[in-house]
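Visitor: My questions will all concern the structure given below.
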Amino acid sequence: MMADRKGRFGQHGGQYIPETLMNAVLELEEAYEHYKNDPEFNRELDELLNSYGGRPSRLYYAQRMTEDLGGARIYLKREDLNHTGAHKINNVLGQALLAKKMGKTRLIAETGAGQHGVATATAAALMGMECVVFMGKEDTIRQALNVYRMKLLGATVIPVESGTATLKDACSAAFKEWTGRIEDTHYCLGSVMGPHPFPTIVRDFQAVISKEIKEQCLEAEGRLPDAVLACVGGGSNAIGSFYNFINDTDVRLIGCEAAGRGVNTAETAATIATGKLGIFHGMKSYFCQDEYGQIAPVYSISAGLDYPGIGPEHANLYDTGRAEYVPVTDEEAVQAFEYLARTEGIIPAIESAHAVAHAMKIVPQMDKDKIVVITISGRGDKDCAAIARYRGEQINE
Amino acid sequence: MAKNIRDAFSNGKAFIPFITAGDPTLEVTEELVLAMADAGASLIEIGIPFSDPTAEGPVIMAANERSLAQGTTTDKVFEMVANIRKHSDIPLVFMTYANVVYSYGSDRFATRAEELGVSGVILPDVPYEEREEFKEDLNAHNVALISMIAPTSDERIAMIAGEAEGFLYIVSSLGVTGTRDSITSDIASMVKRVREASDIPCAVGFGISSPEQAKAMADISDGAIVGSAIVRLCGQYGKDCVPYIKDFVKSFTDKLAE
């Protein structure tokens, strides 16, 4: 029997962290429980999200894509239009405001593609806080432009060379940094992962995505969508897109994982497709790992989805069958990236292109009176150089 | 029958060295354990390597990477300990991460540990709140789940100490493992709070690199744990490290015996 089921999603979640950090997460939980119901905090956060972040984001009817695919009506939830170009700002503004209320003066963060790092650096600049971002060395090369953006915003970027030098290692480095400096520092975790209360806090701050989709879809179509698709690494834009539909069981929720070069190869990051139950980075969930529990070196063209685990709430949505998780390869994602650019004049982040790719597979099989929403979690400017290289074209950023 | 944790603390201050199994090779680890036992170690912590050791500083992290690159697995570590047990009854504990035990199966892991006379397991990513995940299976096989307290634990100390088993690992400093020039936490008052709740032996670790530091820590507790300073020698001398580490450990046990 478990003594304390706090922060659990079914069998997943928990607080598997060093004792040194326990009081820090307990303090964070207490502060969050207080401020989440505080009208003044929520007023300030709404003001920030709207006037600074650019919310609400548009729900755009993709007419040309709909006509071209010849099936369900496609709407794009345009998180790419947010300030800093991705959904990450929703969570960061919430956590930075919370950290400030807690008297913290310094934000640290991990980043993969750099979008969460840029968002954290942005919030720190706005609120006059110090900011340190940990980023895998490999990713600082893949996403050099975002490294410069973070520095421009006044943040210190620390390249992490250990392990696979990607998101997982950046996350470990950020946890270690927090273990060494807690008093003035808030760890602004970027996804719905890590120890409780992070998966809940990040989900709540991202749930604005599905709240708006619901309102906007009712406004445009007079009913709820039939399916909502989003890409999943740790899973923050996906849980944000799903959350307010969880009880609407007629709405299919589809998370699109990064299959890299394919789920039958070692070069994949599709956790649900290839992982098994484990305990890592503070949580029990599914992880890509070997038979002895060693975390697998995962791969995806997308630095933001290149993570060997998945958030505990997603793991539970998978267990209960409420959400589906499907793998999408690099090649499929790149084709979708190019397709959306040509068809709608929208260049999605390569992460989001994974969701677009799966929509391209299922939409033609759906009736024309069906409605599909794809969350475009971020904009793709940051990916253009890497996609050009993937296509064998050398360009200078 | 192998000696246990109680025996380790029954003969003056305990000196507890840590090494990562399989660094540089499992054969050398076996020799190292016997050499450190010879040099007077009271109890030895054997690290089972993990790909992402989130409580470790750069020295032990590098040792984990070297060991895994050699092909070390949990089963191979068990085989190595079986060889040690042909020659030594020194108290042993495993130090590893939750996922290593979880993926092996905690009951299966505990069964092997008991067979090998390993009397405890330290899992730095399993705090008090999550101990039930492993405790029942380990205890069923007479293996203690060793608890840790940290400089940030404050009012949690009594709660943790009250249910602690084997010995209590006092983390001397914030941050990850690794040597430090000085330890600034008030260890004495942490020990005092433990004593108010329990009579469990307390050993201090994280950051201890010299016999003098170890002596100072052991004087205010029941023992000292040294990891990174030893593991650094494994990295520096590779397969030739055994005599260097034996001398190094001897310098600590001599100092603690003063």
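Going by the structure tokens order, chains are called A, B, ..., each with residues numbered from 1, while ligands are numbered from 1 in the order shown.
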Report as a list in words all protein, DNA and RNA residues lying within 12 Å of Cys241 in chain B, evaluated on only C-alpha atoms, omitting residues in the same chain fewer than 4 positions from it.
Guide: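 Result of the neighbour search: Ile19, Asp23, Pro24, Thr25, Val28, Thr29, Glu31, Leu32, Val33, Ala35, Met36, Ile230, Val231, Arg232, Leu233, Cys234, Gly235, Gln236, Tyr237, Ile245, Lys246, Asp247 and Phe248 of chain B.
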Visitor: Where does chain B meet chain A within 9 Å, residue by residue, with the nearest atom pair and distance in Å to one decimal for each, counting only C-alpha atoms, listed by chain and rising number, as JSON lines?
Guide:
```
{"residue": "B:Pro49", "atom": "CA", "partner": "A:Gln294", "partner_atom": "CA", "distance": 8.8}
{"residue": "B:Phe50", "atom": "CA", "partner": "A:Gln294", "partner_atom": "CA", "distance": 6.0}
{"residue": "B:Ser51", "atom": "CA", "partner": "A:Gln294", "partner_atom": "CA", "distance": 5.3}
{"residue": "B:Asp52", "atom": "CA", "partner": "A:Ile295", "partner_atom": "CA", "distance": 7.1}
{"residue": "B:Pro53", "atom": "CA", "partner": "A:Ser172", "partner_atom": "CA", "distance": 8.4}
{"residue": "B:Thr54", "atom": "CA", "partner": "A:Ser172", "partner_atom": "CA", "distance": 5.9}
{"residue": "B:Ala55", "atom": "CA", "partner": "A:Lys176", "partner_atom": "CA", "distance": 6.9}
{"residue": "B:Glu56", "atom": "CA", "partner": "A:Lys176", "partner_atom": "CA", "distance": 8.3}
{"residue": "B:Gly57", "atom": "CA", "partner": "A:Lys176", "partner_atom": "CA", "distance": 8.4}
{"residue": "B:Pro58", "atom": "CA", "partner": "A:Ser162", "partner_atom": "CA", "distance": 8.9}
{"residue": "B:Met61", "atom": "CA", "partner": "A:Ser162", "partner_atom": "CA", "distance": 8.6}
{"residue": "B:Ala62", "atom": "CA", "partner": "A:Ser162", "partner_atom": "CA", "distance": 8.7}
{"residue": "B:Glu65", "atom": "CA", "partner": "A:Gly163", "partner_atom": "CA", "distance": 8.0}
{"residue": "B:Thr73", "atom": "CA", "partner": "A:Tyr292", "partner_atom": "CA", "distance": 6.8}
{"residue": "B:Thr74", "atom": "CA", "partner": "A:Tyr292", "partner_atom": "CA", "distance": 6.7}
{"residue": "B:Asp75", "atom": "CA", "partner": "A:Tyr292", "partner_atom": "CA", "distance": 8.8}
{"residue": "B:Tyr97", "atom": "CA", "partner": "A:Phe280", "partner_atom": "CA", "distance": 8.7}
{"residue": "B:Ala98", "atom": "CA", "partner": "A:Ile279", "partner_atom": "CA", "distance": 6.2}
{"residue": "B:Asn99", "atom": "CA", "partner": "A:Ile279", "partner_atom": "CA", "distance": 5.0}
{"residue": "B:Val100", "atom": "CA", "partner": "A:Gly293", "partner_atom": "CA", "distance": 5.1}
{"residue": "B:Val101", "atom": "CA", "partner": "A:Gly293", "partner_atom": "CA", "distance": 8.0}
{"residue": "B:Tyr102", "atom": "CA", "partner": "A:Gly278", "partner_atom": "CA", "distance": 6.7}
{"residue": "B:Ser103", "atom": "CA", "partner": "A:Gly293", "partner_atom": "CA", "distance": 5.1}
{"residue": "B:Tyr104", "atom": "CA", "partner": "A:Tyr292", "partner_atom": "CA", "distance": 6.2}
{"residue": "B:Leu123", "atom": "CA", "partner": "A:Pro18", "partner_atom": "CA", "distance": 8.7}
{"residue": "B:Pro124", "atom": "CA", "partner": "A:Pro18", "partner_atom": "CA", "distance": 5.4}
{"residue": "B:Asp125", "atom": "CA", "partner": "A:Ile17", "partner_atom": "CA", "distance": 4.4}
{"residue": "B:Val126", "atom": "CA", "partner": "A:Tyr16", "partner_atom": "CA", "distance": 5.1}
{"residue": "B:Pro127", "atom": "CA", "partner": "A:Glu19", "partner_atom": "CA", "distance": 5.4}
{"residue": "B:Tyr128", "atom": "CA", "partner": "A:Glu19", "partner_atom": "CA", "distance": 7.7}
{"residue": "B:Glu129", "atom": "CA", "partner": "A:Asp4", "partner_atom": "CA", "distance": 6.5}
{"residue": "B:Glu130", "atom": "CA", "partner": "A:Tyr16", "partner_atom": "CA", "distance": 6.7}
{"residue": "B:Arg131", "atom": "CA", "partner": "A:Ala3", "partner_atom": "CA", "distance": 8.5}
{"residue": "B:Glu132", "atom": "CA", "partner": "A:Met2", "partner_atom": "CA", "distance": 5.7}
{"residue": "B:Glu133", "atom": "CA", "partner": "A:Met2", "partner_atom": "CA", "distance": 6.9}
{"residue": "B:Ser147", "atom": "CA", "partner": "A:Glu19", "partner_atom": "CA", "distance": 8.9}
{"residue": "B:Met148", "atom": "CA", "partner": "A:Glu19", "partner_atom": "CA", "distance": 6.6}
{"residue": "B:Ile149", "atom": "CA", "partner": "A:Glu19", "partner_atom": "CA", "distance": 6.2}
{"residue": "B:Ala150", "atom": "CA", "partner": "A:Thr20", "partner_atom": "CA", "distance": 5.1}
{"residue": "B:Pro151", "atom": "CA", "partner": "A:Thr20", "partner_atom": "CA", "distance": 7.0}
{"residue": "B:Thr152", "atom": "CA", "partner": "A:Thr20", "partner_atom": "CA", "distance": 5.7}
{"residue": "B:Ser153", "atom": "CA", "partner": "A:Thr20", "partner_atom": "CA", "distance": 6.7}
{"residue": "B:Asp154", "atom": "CA", "partner": "A:Asn23", "partner_atom": "CA", "distance": 8.6}
{"residue": "B:Arg156", "atom": "CA", "partner": "A:Asn23", "partner_atom": "CA", "distance": 8.5}
{"residue": "B:Val171", "atom": "CA", "partner": "A:Thr20", "partner_atom": "CA", "distance": 8.1}
{"residue": "B:Ser173", "atom": "CA", "partner": "A:Gly180", "partner_atom": "CA", "distance": 8.2}
{"residue": "B:Leu174", "atom": "CA", "partner": "A:Gly180", "partner_atom": "CA", "distance": 4.7}
{"residue": "B:Gly175", "atom": "CA", "partner": "A:Gly180", "partner_atom": "CA", "distance": 3.5}
{"residue": "B:Val176", "atom": "CA", "partner": "A:Lys176", "partner_atom": "CA", "distance": 6.4}
```
Visitor: Let me see the file: selected residues, C-alpha atoms, as an mmCIF file, in the first residue's frame.
Guide:
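In the end it all went to part11.cif:
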```
data_model
loop_
_atom_site.group_PDB
_atom_site.id
_atom_site.type_symbol
_atom_site.label_atom_id
_atom_site.label_comp_id
_atom_site.auth_asym_id
_atom_site.auth_seq_id
_atom_site.Cartn_x
_atom_site.Cartn_y
_atom_site.Cartn_z
ATOM 1 C CA PRO B 49 25.720 2.355 -12.382
ATOM 2 C CA PHE B 50 22.804 4.268 -13.863
ATOM 3 C CA SER B 51 22.677 6.121 -17.164
ATOM 4 C CA ASP B 52 21.388 9.336 -15.590
ATOM 5 C CA PRO B 53 22.579 9.591 -11.981
ATOM 6 C CA THR B 54 20.811 12.816 -11.017
ATOM 7 C CA ALA B 55 22.260 13.099 -7.510
ATOM 8 C CA GLU B 56 25.873 12.812 -8.641
ATOM 9 C CA GLY B 57 28.450 15.427 -9.416
ATOM 10 C CA PRO B 58 30.797 15.154 -12.404
ATOM 11 C CA MET B 61 28.729 10.671 -13.111
ATOM 12 C CA ALA B 62 31.823 10.011 -15.223
ATOM 13 C CA GLU B 65 29.464 6.383 -17.789
ATOM 14 C CA THR B 73 24.739 -4.707 -15.745
ATOM 15 C CA THR B 74 22.898 -5.312 -12.495
ATOM 16 C CA ASP B 75 23.321 -9.084 -12.939
ATOM 17 C CA TYR B 97 18.719 4.770 -8.537
ATOM 18 C CA ALA B 98 15.029 3.906 -8.326
ATOM 19 C CA ASN B 99 14.730 2.778 -11.936
ATOM 20 C CA VAL B 100 17.544 0.226 -11.636
ATOM 21 C CA VAL B 101 15.732 -1.577 -8.814
ATOM 22 C CA TYR B 102 12.267 -0.978 -10.271
ATOM 23 C CA SER B 103 13.116 -2.421 -13.662
ATOM 24 C CA TYR B 104 14.835 -5.443 -12.106
ATOM 25 C CA LEU B 123 18.240 5.183 -3.484
ATOM 26 C CA PRO B 124 18.851 8.947 -3.580
ATOM 27 C CA ASP B 125 15.787 9.552 -5.763
ATOM 28 C CA VAL B 126 13.410 7.860 -3.338
ATOM 29 C CA PRO B 127 12.414 10.253 -0.527
ATOM 30 C CA TYR B 128 10.325 9.442 2.544
ATOM 31 C CA GLU B 129 7.070 10.017 0.637
ATOM 32 C CA GLU B 130 7.845 7.309 -1.937
ATOM 33 C CA ARG B 131 9.633 4.744 0.238
ATOM 34 C CA GLU B 132 6.692 2.318 0.237
ATOM 35 C CA GLU B 133 7.392 1.629 -3.434
ATOM 36 C CA SER B 147 16.992 7.039 4.348
ATOM 37 C CA MET B 148 18.727 10.353 3.772
ATOM 38 C CA ILE B 149 18.344 13.729 5.433
ATOM 39 C CA ALA B 150 19.620 16.977 3.953
ATOM 40 C CA PRO B 151 20.437 20.482 5.198
ATOM 41 C CA THR B 152 16.991 21.501 3.888
ATOM 42 C CA SER B 153 15.113 18.756 5.759
ATOM 43 C CA ASP B 154 14.367 20.835 8.888
ATOM 44 C CA ARG B 156 11.181 16.519 8.268
ATOM 45 C CA VAL B 171 23.749 14.741 3.300
ATOM 46 C CA SER B 173 25.595 20.044 1.799
ATOM 47 C CA LEU B 174 23.178 21.235 -0.848
ATOM 48 C CA GLY B 175 23.755 20.043 -4.377
ATOM 49 C CA VAL B 176 25.180 16.884 -5.847
#
```
Visitor: Go through range 167-226 of chain B and collect every residue that DSSP, computed from the backbone, puts in strand (DSSP E or B); the answer should be as a list in words.
Guide: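 For range 167-226 of chain B, the strand (DSSP E or B) set is Leu168, Tyr169, Ile170, Val171, Cys202, Ala203, Val204, Gly205, Gly223, Ala224, Ile225 and Val226 of chain B.
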Visitor: Can you tell me, as a PDB file with all heavy atoms, in the first residue's frame, what residues are no more than 10 Å from Asp367 in chain A when counting only C-alpha atoms, ignoring any on the same chain fewer than 6 positions away?
Guide:
```
ATOM      1  N   GLY A  70      -9.796  16.415 -48.444  1.00  0.00           N
ATOM      2  CA  GLY A  70     -11.094  15.887 -48.852  1.00  0.00           C
ATOM      3  C   GLY A  70     -11.846  15.101 -47.790  1.00  0.00           C
ATOM      4  O   GLY A  70     -12.678  14.250 -48.114  1.00  0.00           O
ATOM      5  N   GLY A  71     -11.572  15.378 -46.518  1.00  0.00           N
ATOM      6  CA  GLY A  71     -12.285  14.692 -45.443  1.00  0.00           C
ATOM      7  C   GLY A  71     -12.803  15.694 -44.428  1.00  0.00           C
ATOM      8  O   GLY A  71     -13.455  16.671 -44.804  1.00  0.00           O
ATOM      9  N   ALA A  72     -12.489  15.429 -43.151  1.00  0.00           N
ATOM     10  CA  ALA A  72     -12.985  16.279 -42.072  1.00  0.00           C
ATOM     11  C   ALA A  72     -12.536  17.733 -42.238  1.00  0.00           C
ATOM     12  O   ALA A  72     -11.528  18.017 -42.887  1.00  0.00           O
ATOM     13  CB  ALA A  72     -12.483  15.734 -40.740  1.00  0.00           C
ATOM     14  N   ARG A  73     -13.330  18.628 -41.626  1.00  0.00           N
ATOM     15  CA  ARG A  73     -12.973  20.051 -41.611  1.00  0.00           C
ATOM     16  C   ARG A  73     -11.833  20.262 -40.610  1.00  0.00           C
ATOM     17  O   ARG A  73     -11.907  19.802 -39.465  1.00  0.00           O
ATOM     18  CB  ARG A  73     -14.184  20.895 -41.203  1.00  0.00           C
ATOM     19  CG  ARG A  73     -15.309  20.857 -42.224  1.00  0.00           C
ATOM     20  CD  ARG A  73     -16.613  21.372 -41.633  1.00  0.00           C
ATOM     21  NE  ARG A  73     -16.570  22.772 -41.242  1.00  0.00           N
ATOM     22  CZ  ARG A  73     -16.635  23.810 -42.100  1.00  0.00           C
ATOM     23  NH1 ARG A  73     -16.746  23.579 -43.399  1.00  0.00           N
ATOM     24  NH2 ARG A  73     -16.604  25.046 -41.669  1.00  0.00           N
TER      25      ARG A  73
END
```
Visitor: Can you list every residue in range 86-223 of chain A that DSSP puts in helix (DSSP H, G or I), as JSON, numbers by chain?
Guide: {"A": [88, 89, 90, 91, 92, 93, 94, 95, 96, 97, 98, 99, 100, 101, 115, 116, 117, 118, 119, 120, 121, 122, 123, 124, 125, 126, 127, 137, 138, 139, 140, 141, 142, 144, 145, 146, 147, 148, 149, 150, 151, 152, 167, 168, 169, 170, 171, 172, 173, 174, 175, 176, 177, 178, 179, 180, 198, 199, 200, 201, 202, 203, 204, 205, 206, 208, 209, 210, 211, 212, 213, 214, 215, 216, 217, 218, 219, 220, 221]}
Visitor: Measuring atom to atom with only C-alpha atoms, identify which of B:Met1, B:Ala14, B:Ala8, B:Ala37 is nearest to Asp219 in chain B.
Guide: B:Ala14
Visitor: Please, what distance in Å, to one decimal, runs between CA of Leu97 in chain A and CA of Glu27 in chain A?
Guide: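 We find that CA of Leu97 in chain A and CA of Glu27 in chain A lie 15.2 Å from each other.
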Visitor: Got a sec: who's within 8 Å of Ala227 in chain A, counting only C-alpha atoms, leaving out chain neighbours fewer than 3 positions off, as an MDAnalysis selection string?
Guide: chainID A and resid 251:254 371:373
Visitor: Filtering to N, CA and C atoms, could you give me those residues as a PDB file, in the first residue's frame?
Guide:
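Saved result, part-v6.pdb, follows:
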```
ATOM      1  N   VAL A 251     -15.013  13.234 -27.977  1.00  0.00           N
ATOM      2  CA  VAL A 251     -13.890  13.909 -28.638  1.00  0.00           C
ATOM      3  C   VAL A 251     -12.660  13.004 -28.556  1.00  0.00           C
ATOM      4  N   ARG A 252     -12.182  12.553 -29.715  1.00  0.00           N
ATOM      5  CA  ARG A 252     -10.956  11.737 -29.729  1.00  0.00           C
ATOM      6  C   ARG A 252      -9.762  12.619 -29.415  1.00  0.00           C
ATOM      7  N   LEU A 253      -8.893  12.142 -28.546  1.00  0.00           N
ATOM      8  CA  LEU A 253      -7.684  12.887 -28.191  1.00  0.00           C
ATOM      9  C   LEU A 253      -6.495  12.080 -28.710  1.00  0.00           C
ATOM     10  N   ILE A 254      -5.706  12.705 -29.581  1.00  0.00           N
ATOM     11  CA  ILE A 254      -4.630  11.954 -30.240  1.00  0.00           C
ATOM     12  C   ILE A 254      -3.292  12.667 -30.045  1.00  0.00           C
ATOM     13  N   ILE A 371     -15.101  17.278 -37.599  1.00  0.00           N
ATOM     14  CA  ILE A 371     -14.235  18.428 -37.309  1.00  0.00           C
ATOM     15  C   ILE A 371     -12.974  17.938 -36.580  1.00  0.00           C
ATOM     16  N   VAL A 372     -11.833  18.367 -37.091  1.00  0.00           N
ATOM     17  CA  VAL A 372     -10.557  18.021 -36.466  1.00  0.00           C
ATOM     18  C   VAL A 372      -9.817  19.305 -36.089  1.00  0.00           C
ATOM     19  N   VAL A 373      -9.289  19.333 -34.880  1.00  0.00           N
ATOM     20  CA  VAL A 373      -8.460  20.469 -34.455  1.00  0.00           C
ATOM     21  C   VAL A 373      -7.024  19.972 -34.285  1.00  0.00           C
TER      22      VAL A 373
END
```
Visitor: Range 266-273 of chain A: which residues within 8 Å, counting only C-alpha atoms, same-chain residues fewer than 4 positions away excluded, as a CSV table (one decimal) with N, CA, C and O atoms, in the first residue's frame?
Guide:
```csv
chain,number,residue,atom,x,y,z
A,257,GLU,N,3.6,11.2,-31.2
A,257,GLU,CA,5.0,11.0,-30.7
A,257,GLU,C,6.0,11.1,-31.8
A,257,GLU,O,5.7,10.7,-32.9
A,258,ALA,N,7.2,11.4,-31.4
A,258,ALA,CA,8.3,11.5,-32.4
A,258,ALA,C,8.9,10.1,-32.6
A,258,ALA,O,9.6,9.5,-31.7
A,259,ALA,N,8.7,9.5,-33.8
A,259,ALA,CA,9.2,8.1,-34.0
A,259,ALA,C,10.6,8.2,-34.6
A,259,ALA,O,11.2,7.1,-34.8
A,260,GLY,N,11.1,9.4,-34.8
A,260,GLY,CA,12.5,9.5,-35.4
A,260,GLY,C,12.6,8.7,-36.7
A,260,GLY,O,11.8,9.0,-37.6
A,261,ARG,N,13.5,7.8,-36.8
A,261,ARG,CA,13.7,7.0,-38.0
A,261,ARG,C,12.8,5.8,-38.1
A,261,ARG,O,12.9,5.0,-38.9
A,262,GLY,N,11.9,5.7,-37.1
A,262,GLY,CA,10.9,4.6,-37.0
A,262,GLY,C,11.0,3.8,-35.7
A,262,GLY,O,12.0,3.7,-35.1
A,286,TYR,N,6.0,6.1,-18.3
A,286,TYR,CA,6.7,5.3,-19.4
A,286,TYR,C,8.0,5.9,-19.8
A,286,TYR,O,8.0,7.2,-20.0
A,287,PHE,N,9.0,5.1,-20.0
A,287,PHE,CA,10.3,5.6,-20.4
A,287,PHE,C,10.9,4.7,-21.4
A,287,PHE,O,10.8,3.4,-21.3
A,288,CYS,N,11.6,5.2,-22.4
A,288,CYS,CA,12.5,4.4,-23.3
A,288,CYS,C,13.7,3.9,-22.5
A,288,CYS,O,14.4,4.8,-21.9
A,298,VAL,N,17.6,8.5,-26.9
A,298,VAL,CA,16.5,8.6,-27.9
A,298,VAL,C,16.9,9.6,-29.0
A,298,VAL,O,17.9,10.3,-28.9
A,299,TYR,N,16.2,9.5,-30.1
A,299,TYR,CA,16.5,10.4,-31.3
A,299,TYR,C,15.2,10.9,-31.9
A,299,TYR,O,14.2,10.1,-32.1
A,300,SER,N,15.2,12.1,-32.3
A,300,SER,CA,14.2,12.7,-33.2
A,300,SER,C,14.8,13.9,-33.9
A,300,SER,O,15.7,14.5,-33.3
A,305,LEU,N,10.9,17.2,-29.0
A,305,LEU,CA,10.3,15.9,-28.7
A,305,LEU,C,11.3,14.8,-28.4
A,305,LEU,O,10.9,13.7,-28.2
A,306,ASP,N,12.5,15.2,-28.4
A,306,ASP,CA,13.7,14.3,-28.2
A,306,ASP,C,13.9,13.9,-26.8
A,306,ASP,O,14.9,14.3,-26.2
A,307,TYR,N,12.9,13.3,-26.1
A,307,TYR,CA,12.9,13.0,-24.7
A,307,TYR,C,12.4,11.6,-24.5
A,307,TYR,O,11.5,11.1,-25.1
A,308,PRO,N,13.1,10.9,-23.6
A,308,PRO,CA,12.8,9.4,-23.4
A,308,PRO,C,11.6,9.1,-22.6
A,308,PRO,O,11.3,7.9,-22.3
A,309,GLY,N,10.9,10.1,-22.1
A,309,GLY,CA,9.7,9.8,-21.2
A,309,GLY,C,8.5,10.6,-21.7
A,309,GLY,O,8.5,11.3,-22.7
A,310,ILE,N,7.4,10.5,-21.0
A,310,ILE,CA,6.2,11.2,-21.3
A,310,ILE,C,5.6,11.6,-19.9
A,310,ILE,O,5.8,10.8,-18.9
A,315,ALA,N,0.5,9.3,-19.5
A,315,ALA,CA,0.7,7.8,-19.3
A,315,ALA,C,-0.6,7.2,-18.8
A,315,ALA,O,-1.0,6.1,-19.2
A,325,TYR,N,-2.1,7.4,-28.6
A,325,TYR,CA,-0.8,7.9,-28.9
A,325,TYR,C,-0.2,7.2,-30.1
A,325,TYR,O,-0.2,6.0,-30.2
A,326,VAL,N,0.2,8.0,-31.1
A,326,VAL,CA,0.6,7.4,-32.4
A,326,VAL,C,2.0,7.9,-32.7
A,326,VAL,O,2.4,9.0,-32.4
A,327,PRO,N,2.9,7.0,-33.3
A,327,PRO,CA,4.2,7.5,-33.7
A,327,PRO,C,4.2,8.1,-35.1
A,327,PRO,O,3.5,7.7,-36.0
```
Visitor: Would you mind listing what lies within 10 Å of Asn142 in chain B as a ChimeraX atom specification, with only C-alpha atoms counted and same-chain residues fewer than 4 positions away left out?
Guide: /B:110-111,113-114,117-120,136-138
Visitor: Selected residues, N, CA, C and O atoms, written as a compact mmCIF listing (two decimals), in the first residue's frame, please.
Guide:
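Listed below is the output, again03.txt:
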```txt
# COMPACT_ATOMS: atom_id res chain seq x y z
N ALA B 110 15.71 -7.65 -4.17
CA ALA B 110 15.90 -7.88 -2.73
C ALA B 110 16.31 -9.33 -2.46
O ALA B 110 17.14 -9.59 -1.58
N THR B 111 15.75 -10.27 -3.21
CA THR B 111 16.09 -11.68 -3.05
C THR B 111 17.58 -11.88 -3.30
O THR B 111 18.28 -12.54 -2.52
N ALA B 113 19.95 -9.56 -3.24
CA ALA B 113 20.74 -8.83 -2.24
C ALA B 113 20.86 -9.67 -0.97
O ALA B 113 21.94 -9.78 -0.38
N GLU B 114 19.76 -10.27 -0.55
CA GLU B 114 19.79 -11.08 0.67
C GLU B 114 20.73 -12.28 0.50
O GLU B 114 21.55 -12.57 1.37
N GLY B 117 24.22 -11.30 1.00
CA GLY B 117 24.59 -10.68 2.26
C GLY B 117 24.77 -9.18 2.14
O GLY B 117 25.61 -8.58 2.82
N VAL B 118 23.98 -8.57 1.27
CA VAL B 118 24.00 -7.10 1.15
C VAL B 118 22.87 -6.57 2.03
O VAL B 118 21.71 -6.92 1.83
N SER B 119 23.22 -5.74 3.02
CA SER B 119 22.22 -5.47 4.05
C SER B 119 21.43 -4.18 3.87
O SER B 119 20.55 -3.89 4.67
N GLY B 120 21.73 -3.43 2.84
CA GLY B 120 20.94 -2.21 2.65
C GLY B 120 21.02 -1.71 1.22
O GLY B 120 21.88 -2.12 0.44
N GLU B 136 8.71 -2.49 1.32
CA GLU B 136 8.10 -3.76 1.71
C GLU B 136 8.90 -4.95 1.16
O GLU B 136 9.24 -5.88 1.88
N ASP B 137 9.22 -4.89 -0.13
CA ASP B 137 9.96 -5.99 -0.75
C ASP B 137 11.36 -6.12 -0.16
O ASP B 137 11.85 -7.23 0.08
N LEU B 138 12.02 -4.97 0.05
CA LEU B 138 13.38 -5.03 0.60
C LEU B 138 13.35 -5.61 2.01
O LEU B 138 14.11 -6.52 2.34
```
Visitor: Choose the residue, out of B:Ser172, B:Ser88, B:Thr96, B:Asn4, that has the smallest atom-to-atom separation from Ala218 in chain B; count only C-alpha atoms.
Guide: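 Closest residue, counting only C-alpha atoms: B:Ser172.
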